[in-house]
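J.: Sharing a structure, written as structure tokens. Questions coming.
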Amino acid sequence: MLTPSVRAAAALAAAALLLTACSGAGDTAPAAKPTPTRHPVFDQKLDRQLLLAVRRTKQAGTASFTHRLTFASGKGDAVQTMSGRMDFTGGRGRAKVVWKAPTSLPQEARDVLTGTTAGSRSGALSGTYLVGGDRIDYRADGAPYWIRYTSADTQASQENDVLEHLHGTEAPVGGTLLEGLSGAEATQRTDGPGGRRVYRGGMPVDTVDGLFPAGLRRHTTRDNTDVLPVTVTLDEQGRILDAHADLTPLLRKHGDALSGFTKVTMDLTLGGYGTSAPKDSPTGTVRTAAKDVLPLRDVREDGCADFDTGQRLAHLVVGVPCSGPYDVRVVHQLPLGPGGSAEDTQFRADTACSFALDASRPSWMPAKAETWAWWTPEPQGGAGKGRVTCYLTNDRDNA
């Protein structure tokens, strides 16, 4: 017969054996197999990889960029180059814009691409934009000042589409292929050196809304295709290195100022990821658009102005002192109604300015000077039937 102490010892021994068995079973269980990490771009569905690449690009924070828009023809190529830096996190960017448009191109085509002025030359071929969330600062090449446009300035009229277009949806600086690639779908992918991937695919033709400002979109058509072909190269992290798009199907074949071009392309190059953010504060004199940008018809007599406002609109100028360089100096502002046709109106304007100068010629005006006459209708709600502005244009370099 077992005594109570013996039975207790036996029970403890059995419990110890049970614990040992359980512990042994845990030590010998197979370890869980590691799950391979999925690449945020390359391991996703092919038709989503370009969208994800745009997101991956923006996650880098900052990047440098060069963007080229090329209109090719047998008479020469017109090329717009936009380059600078973008801060995706801060929503700001800096862009230098340069147009190269050969004189061999038809004047009508040059005017559509680079804009016009109230003088003999086409619009500005180069300038710098600082783009922020609620403002855009612009400086024309050679100008001693910046012009600040607030959101209220750019949204006040559809005429300001050139500026408003620079506020991108996918990037701080708009008008680049980043605005279209988020909607593109890849159909083919090949491996490149250094972990790169090269994609071919297409983006919807409606992405042209983000690629061109309204003034340029008016000269395109969407009837020729539904998809625009693209080629995109990504780095090993899935960020965009370069992209190419063939926009030729957007051209109208006949009856348009741009119909003489045979090919239109866009090329984007990105790099310098994660480095310094762009300088978005202008240095030197900053003028405000609300105060200093005005229609030519509103420049006072004997007042001076510059043509380049950054908006590619001929009737808008920047008021400047006549003591420094300027593009235009107003001699007379005269009330004048319209003629029976555009040609008749211009003849009436020329005649009115000629008579006014014969009657009153400023002392500063050269004896032989080419004068211009710019007729404009009276703004809606204004009194009168119109006005003619009589002015002289001036070579900035010789002022």
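Following the order of the structure tokens, first chain is A, next is B, and so on, with residues numbered from 1 inside each chain and ligands from 1 in the order they appear.
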Per DSSP on the backbone, what are the alpha helix (DSSP H) residues of segment 246-351 of chain A, as a list of chain:residue names?
T.: A:Ala289, A:Ala290, A:Lys291, A:Asp292, A:Ala342, A:Glu343, A:Asp344, A:Thr345, A:Gln346, A:Phe347, A:Arg348, A:Ala349, A:Asp350, A:Thr351
J.: Using only C-alpha atoms, which residues sit within 8 Å of segment 323-333 of chain A once same-chain residues fewer than 6 positions away are excluded, as a VMD selection string?
T.: chain A and resid 297 299 to 307 353 356 362 387 to 397 399
J.: Would you mind telling me which residue in A:Phe88, A:Phe261, A:Tyr138, A:Phe71 lies nearest to Ser281 of chain A when using only C-alpha atoms?
T.: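 Of all the options, A:Tyr138 lies closest to Ser281 of chain A.
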J.: Can you pull out every residue within 10 Å of segment 123-125 of chain A, counting only C-alpha atoms, but drop anything in the same chain fewer than 5 positions away, and send it as a list of chain:residue names?
T.: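 What passes the distance filter is A:Gln80, A:Val97, A:Val98, A:Trp99, A:Lys100, A:Ala101, A:Arg110, A:Asp111, A:Val112, A:Leu113, A:Thr114, A:Gly115, A:Thr116, A:Thr117, A:Ala118, A:Ala140, A:Asp141, A:Phe307, A:Asp308, A:Thr309, A:Gly310, A:Gln311, A:Arg312, A:Leu313, A:Ala314.
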J.: Give me a file of those residues, with C-alpha atoms, as a tab-separated table (two decimals), in the first residue's frame.
T.:
chain	number	residue	atom	x	y	z
A	80	GLN	CA	10.01	73.22	-76.43
A	97	VAL	CA	11.08	76.84	-70.57
A	98	VAL	CA	12.87	77.37	-73.89
A	99	TRP	CA	11.37	77.30	-77.39
A	100	LYS	CA	13.45	76.80	-80.53
A	101	ALA	CA	11.34	77.63	-83.56
A	110	ARG	CA	5.08	79.89	-84.85
A	111	ASP	CA	2.33	82.08	-83.42
A	112	VAL	CA	0.31	79.07	-82.24
A	113	LEU	CA	3.31	77.49	-80.53
A	114	THR	CA	5.08	80.49	-79.00
A	115	GLY	CA	2.24	83.01	-78.82
A	116	THR	CA	2.09	86.53	-80.23
A	117	THR	CA	2.83	90.07	-79.11
A	118	ALA	CA	1.50	93.48	-80.05
A	140	ALA	CA	11.19	86.55	-68.63
A	141	ASP	CA	14.75	86.13	-69.82
A	307	PHE	CA	5.30	92.34	-73.79
A	308	ASP	CA	6.24	89.18	-71.90
A	309	THR	CA	3.82	88.32	-69.10
A	310	GLY	CA	4.37	84.57	-69.23
A	311	GLN	CA	0.84	84.09	-70.58
A	312	ARG	CA	1.40	84.16	-74.38
A	313	LEU	CA	-1.40	86.73	-74.77
A	314	ALA	CA	-0.72	89.67	-77.08
J.: With only C-alpha atoms as the atoms that count, which of A:Tyr145, A:Phe65, A:Trp374, A:Phe42 lies nearest to Phe347 of chain A?
T.: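 Of A:Tyr145, A:Phe65, A:Trp374, A:Phe42, the one nearest Phe347 of chain A, counting only C-alpha atoms, is A:Trp374.
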J.: Please measure the separation of atom CA of Tyr199 of chain A and atom CA of Gly175 of chain A, giving the value in Å to one decimal.
T.: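 Between atom CA of Tyr199 of chain A and atom CA of Gly175 of chain A the gap is 21.5 Å.
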J.: Would you return as number ranges by chain the members of segment 100-237 of chain A that DSSP assigns to strand (DSSP E) on this structure's backbone?
T.: A: 100, 126-131, 135-140, 145-150, 185-191, 197-204, 227-234
